[in-house]
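Enquirer: If it helps, the file is called coords-v2.tsv and holds TSV, C-alpha atoms:
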```
chain	number	residue	atom	x	y	z
D	1	MET	CA	41.04	4.63	-51.02
D	2	TYR	CA	37.55	4.00	-49.67
D	3	THR	CA	35.37	1.59	-51.54
D	4	HIS	CA	31.66	1.49	-50.92
D	5	ARG	CA	30.47	-1.80	-49.51
D	6	PRO	CA	26.78	-2.51	-49.67
D	7	VAL	CA	25.05	-2.90	-46.35
D	8	PRO	CA	23.78	-6.44	-46.01
D	9	THR	CA	20.02	-6.74	-46.09
D	10	ALA	CA	18.53	-7.87	-42.80
D	11	PRO	CA	16.27	-10.87	-43.03
D	12	ALA	CA	12.60	-9.93	-42.77
D	13	LEU	CA	10.74	-10.99	-39.67
D	14	SER	CA	8.03	-13.53	-40.28
D	15	LYS	CA	4.37	-12.61	-39.87
D	16	ASP	CA	4.24	-14.89	-36.80
D	17	GLU	CA	7.17	-13.00	-35.25
D	18	LEU	CA	5.51	-9.66	-35.96
D	19	LEU	CA	2.23	-10.89	-34.45
D	20	GLU	CA	4.10	-12.18	-31.41
D	21	VAL	CA	5.21	-8.62	-30.70
D	22	ALA	CA	2.01	-6.89	-31.81
D	23	GLU	CA	-0.30	-9.15	-29.80
D	24	GLY	CA	1.86	-10.42	-26.97
D	25	CYS	CA	4.28	-7.71	-25.88
D	26	ALA	CA	3.82	-7.19	-22.14
D	27	CYS	CA	5.43	-3.75	-22.31
D	28	THR	CA	3.09	-2.53	-25.04
D	29	ALA	CA	0.03	-3.88	-23.21
D	30	VAL	CA	1.02	-2.25	-19.90
D	31	ARG	CA	1.83	1.08	-21.60
D	32	ARG	CA	-1.51	1.05	-23.49
D	33	THR	CA	-3.33	0.32	-20.24
D	34	ALA	CA	-1.38	3.00	-18.36
D	35	ARG	CA	-2.30	5.62	-20.96
D	36	SER	CA	-5.99	4.68	-20.79
D	37	MET	CA	-5.98	4.69	-17.00
D	38	THR	CA	-4.17	8.02	-16.86
D	39	ARG	CA	-6.72	9.58	-19.23
D	40	ALA	CA	-9.64	8.26	-17.13
D	41	TYR	CA	-8.21	9.58	-13.85
D	42	ASP	CA	-7.06	12.88	-15.38
D	43	ASP	CA	-10.51	13.46	-16.87
D	44	ALA	CA	-12.14	12.75	-13.52
D	45	ILE	CA	-9.95	14.99	-11.37
D	46	ARG	CA	-9.37	17.77	-13.91
D	47	PRO	CA	-11.95	20.10	-12.21
D	48	SER	CA	-9.68	20.13	-9.14
D	49	GLY	CA	-6.90	21.60	-11.28
D	50	LEU	CA	-4.70	18.53	-10.88
D	51	ARG	CA	-3.54	15.66	-13.02
D	52	VAL	CA	-3.46	12.23	-11.42
D	53	THR	CA	0.36	12.31	-11.30
D	54	GLN	CA	0.22	15.57	-9.36
D	55	PHE	CA	-2.41	14.18	-7.02
D	56	ALA	CA	-0.15	11.18	-6.32
D	57	LEU	CA	2.75	13.53	-5.55
D	58	LEU	CA	0.63	15.53	-3.12
D	59	VAL	CA	-0.62	12.35	-1.44
D	60	ALA	CA	2.92	10.95	-1.07
D	61	ALA	CA	4.22	14.23	0.36
D	62	GLU	CA	1.29	14.50	2.78
D	63	LEU	CA	1.74	10.91	3.93
D	64	GLY	CA	5.32	11.81	4.76
D	65	GLY	CA	4.08	14.50	7.12
D	66	GLY	CA	6.30	17.19	5.64
D	67	THR	CA	9.48	15.27	6.35
D	68	LEU	CA	10.05	13.43	3.07
D	69	LYS	CA	12.95	14.29	0.88
D	70	LEU	CA	12.35	14.66	-2.81
D	71	GLY	CA	14.33	11.46	-3.45
D	72	GLN	CA	12.16	9.51	-1.01
D	73	ILE	CA	9.02	10.62	-2.85
D	74	ALA	CA	10.63	9.52	-6.10
D	75	ASP	CA	11.33	6.09	-4.58
D	76	ILE	CA	7.78	5.75	-3.22
D	77	LEU	CA	6.26	6.59	-6.60
D	78	GLY	CA	8.81	4.63	-8.63
D	79	LEU	CA	9.89	7.75	-10.53
D	80	GLU	CA	13.20	9.34	-11.37
D	81	ARG	CA	14.20	12.19	-9.07
D	82	THR	CA	14.37	14.54	-12.07
D	83	THR	CA	10.78	13.61	-13.00
D	84	VAL	CA	9.58	14.43	-9.48
D	85	THR	CA	11.48	17.72	-9.54
D	86	ARG	CA	9.87	18.66	-12.87
D	87	ASP	CA	6.38	17.54	-11.75
D	88	LEU	CA	6.63	19.48	-8.47
D	89	ARG	CA	7.39	22.82	-10.18
D	90	PRO	CA	3.80	23.63	-11.21
D	91	LEU	CA	2.55	22.56	-7.76
D	92	GLU	CA	5.09	24.85	-6.14
D	93	LYS	CA	4.17	27.74	-8.47
D	94	ARG	CA	0.51	27.29	-7.54
D	95	GLY	CA	1.41	27.35	-3.84
D	96	LEU	CA	0.29	23.74	-3.27
D	97	VAL	CA	3.69	22.60	-1.99
D	98	THR	CA	6.89	24.09	-0.73
D	99	VAL	CA	10.26	22.57	-1.55
D	100	GLU	CA	12.86	23.61	1.00
D	101	PRO	CA	16.45	22.68	1.75
D	102	GLY	CA	16.88	19.89	4.28
D	103	GLU	CA	19.60	19.54	6.92
D	104	ASP	CA	21.93	18.53	4.12
D	105	ARG	CA	21.76	21.40	1.59
D	106	ARG	CA	21.57	18.86	-1.26
D	107	ALA	CA	18.40	17.30	0.17
D	108	ARG	CA	15.08	18.98	-0.58
D	109	ILE	CA	12.07	18.53	1.73
D	110	VAL	CA	8.59	18.61	0.18
D	111	ARG	CA	5.71	19.95	2.26
D	112	VAL	CA	2.05	20.25	1.27
D	113	THR	CA	0.60	23.69	2.00
D	114	GLU	CA	-2.90	24.44	3.26
D	115	ALA	CA	-3.89	25.28	-0.33
D	116	GLY	CA	-2.49	21.89	-1.36
D	117	ARG	CA	-4.60	20.14	1.28
D	118	ARG	CA	-7.73	21.95	0.07
D	119	THR	CA	-6.94	20.92	-3.50
D	120	MET	CA	-6.44	17.29	-2.42
D	121	THR	CA	-9.75	17.43	-0.54
D	122	ASP	CA	-11.43	18.65	-3.74
D	123	ALA	CA	-9.70	15.97	-5.85
D	124	MET	CA	-10.42	13.04	-3.52
D	125	PRO	CA	-14.09	12.39	-4.40
D	126	ARG	CA	-13.21	12.83	-8.06
D	127	TRP	CA	-10.39	10.28	-7.70
D	128	ARG	CA	-12.79	7.91	-5.93
D	129	ALA	CA	-15.23	8.23	-8.84
D	130	ALA	CA	-12.47	7.33	-11.31
D	131	GLN	CA	-11.38	4.45	-9.09
D	132	ALA	CA	-14.97	3.16	-8.92
D	133	GLN	CA	-15.35	3.44	-12.70
D	134	VAL	CA	-12.09	1.60	-13.39
D	135	LEU	CA	-12.76	-1.09	-10.81
D	136	ALA	CA	-16.41	-1.63	-11.72
D	137	GLY	CA	-17.77	-5.16	-11.92
D	138	ASP	CA	-15.29	-8.02	-11.97
D	139	ALA	CA	-12.32	-5.65	-12.02
D	140	ALA	CA	-12.78	-4.82	-8.32
D	141	GLU	CA	-12.61	-8.48	-7.41
D	142	SER	CA	-9.55	-9.14	-9.55
D	143	TRP	CA	-7.68	-5.91	-8.69
D	144	PRO	CA	-5.59	-7.39	-5.83
D	145	ARG	CA	-4.32	-10.14	-8.16
D	146	ILE	CA	-3.72	-7.64	-10.95
D	147	ALA	CA	-1.75	-5.34	-8.63
D	148	GLU	CA	0.30	-8.29	-7.41
D	149	GLY	CA	0.95	-9.37	-11.00
D	150	LEU	CA	2.04	-5.87	-11.98
D	151	GLY	CA	4.45	-5.89	-9.05
D	152	ARG	CA	5.91	-9.19	-10.25
D	153	LEU	CA	6.29	-7.76	-13.76
D	154	ALA	CA	8.15	-4.75	-12.35
D	155	ASP	CA	10.40	-7.07	-10.32
D	156	ALA	CA	11.10	-9.20	-13.38
D	157	ALA	CA	11.99	-6.07	-15.36
D	158	GLY	CA	14.50	-5.13	-12.66
D	159	GLU	CA	12.53	-2.42	-10.88
D	160	ASP	CA	12.25	-2.20	-7.11
```
Could I get this structure in the form of structure tokens?

Expert:
Amino acid sequence: MYTHRPVPTAPALSKDELLEVAEGCACTAVRRTARSMTRAYDDAIRPSGLRVTQFALLVAAELGGGTLKLGQIADILGLERTTVTRDLRPLEKRGLVTVEPGEDRRARIVRVTEAGRRTMTDAMPRWRAAQAQVLAGDAAESWPRIAEGLGRLADAAGED
């Protein structure tokens, strides 16, 4: 016969412990910053018809000269392959990229089309404006150290 046993009550966290998380969590701070940055860049390049994540995909594919596999783009951008696949779909539907089988049928090669290059050309000055806004004043000077610090945080979290 089953007898109900009360679930023990967990001890409440102290206000200091709660503040430690609320005010000092590196993950929360980086995520908050990432959302703000994404909004700023998306707002700036929206007239080109792209989001900043899509612009980054186009740039990575173009840098690869039409020879990068989908997985390589994922590695370059620090994304999951499934995320890149999902994010490429609207670009492919708009004719900005092609995704074709590679030598190995499992591999997919991403190529930027002429329409994709025109869209990147349109987005570039808009991206530069967002970059200038974000890195205005002291931020431009401290950006190399910030980027290095973010890299160390990613390494410490176990990312490549």

Enquirer: Can you work out which one of D:Glu148, D:Glu103, D:Glu62, D:Glu80 has the shortest atom-to-atom distance to Arg117 in chain D, counting all atoms listed in the file?

Expert: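 The closest residue to Arg117 in chain D is D:Glu62.
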
Enquirer: Quick one: residues within 12 Å of Leu79 in chain D, all atoms listed in the file counted, chain neighbours fewer than 4 positions away excluded, as a list in words?

Expert: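 Once the nearby chain positions are removed, what remains is Thr53, Ala56, Leu57, Leu70, Gly71, Gln72, Ile73, Ala74, Asp75, Thr83, Val84, Thr85, Arg86, Asp87, Glu159 and Asp160 of chain D.
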
Enquirer: Between D:Gly158, D:Ser48, D:Leu150, D:Leu88, which one has atoms that come closest to Ala29 in chain D, using all atoms listed in the file?

Expert: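 For Ala29 in chain D, the nearest of the candidates is D:Leu150.
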
Enquirer: Which of these residues is nearest to Trp127 in chain D, using all atoms listed in the file: D:Pro47, D:Gly95, D:Gly24, D:Pro8?

Expert: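 Nearest candidate to Trp127 in chain D out of D:Pro47, D:Gly95, D:Gly24, D:Pro8: D:Pro47.
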
Enquirer: Can you tell me, as a PyMOL selection string, which residues sit within 9 Å of (-2.5, 19.7, -8.6) in the file's frame, using only C-alpha atoms?

Expert: chain D and resi 46+48-55+57-58+90-91+94+96+116+119-120+123

Enquirer: What's the separation between CA of Ala61 in chain D and CA of Arg126 in chain D, in Å to one decimal place?

Expert: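 Between these atoms lies a distance of 19.4 Å.
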
Enquirer: Could you state the separation of CA of Ala40 in chain D and CA of Val134 in chain D in Å, given to one decimal place?

Expert: 8.0 Å

Enquirer: Of the candidates D:Val7, D:Leu18, D:Met124, D:Val30, which one gets nearest to Gly151 in chain D if we count all atoms listed in the file?

Expert: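 Of D:Val7, D:Leu18, D:Met124, D:Val30, the one nearest Gly151 in chain D is D:Val30, counting all atoms listed in the file.
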
Enquirer: As an exercise, work out the distance from CA of Asp155 in chain D to CA of Ile109 in chain D in Å and give it to one decimal place.

Expert: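 Atom-to-atom, CA of Asp155 in chain D and CA of Ile109 in chain D are spaced 28.3 Å apart.
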
Enquirer: Box time for range 14-31 of chain D: axis-aligned, enclosing all its listed atoms, 8 Å extra on each side; report centre and edge lengths in Å to one decimal, as JSON.

Expert:
```
{"center_x": 3.9, "center_y": -6.9, "center_z": -30.1, "size_x": 24.3, "size_y": 32.0, "size_z": 36.4}
```
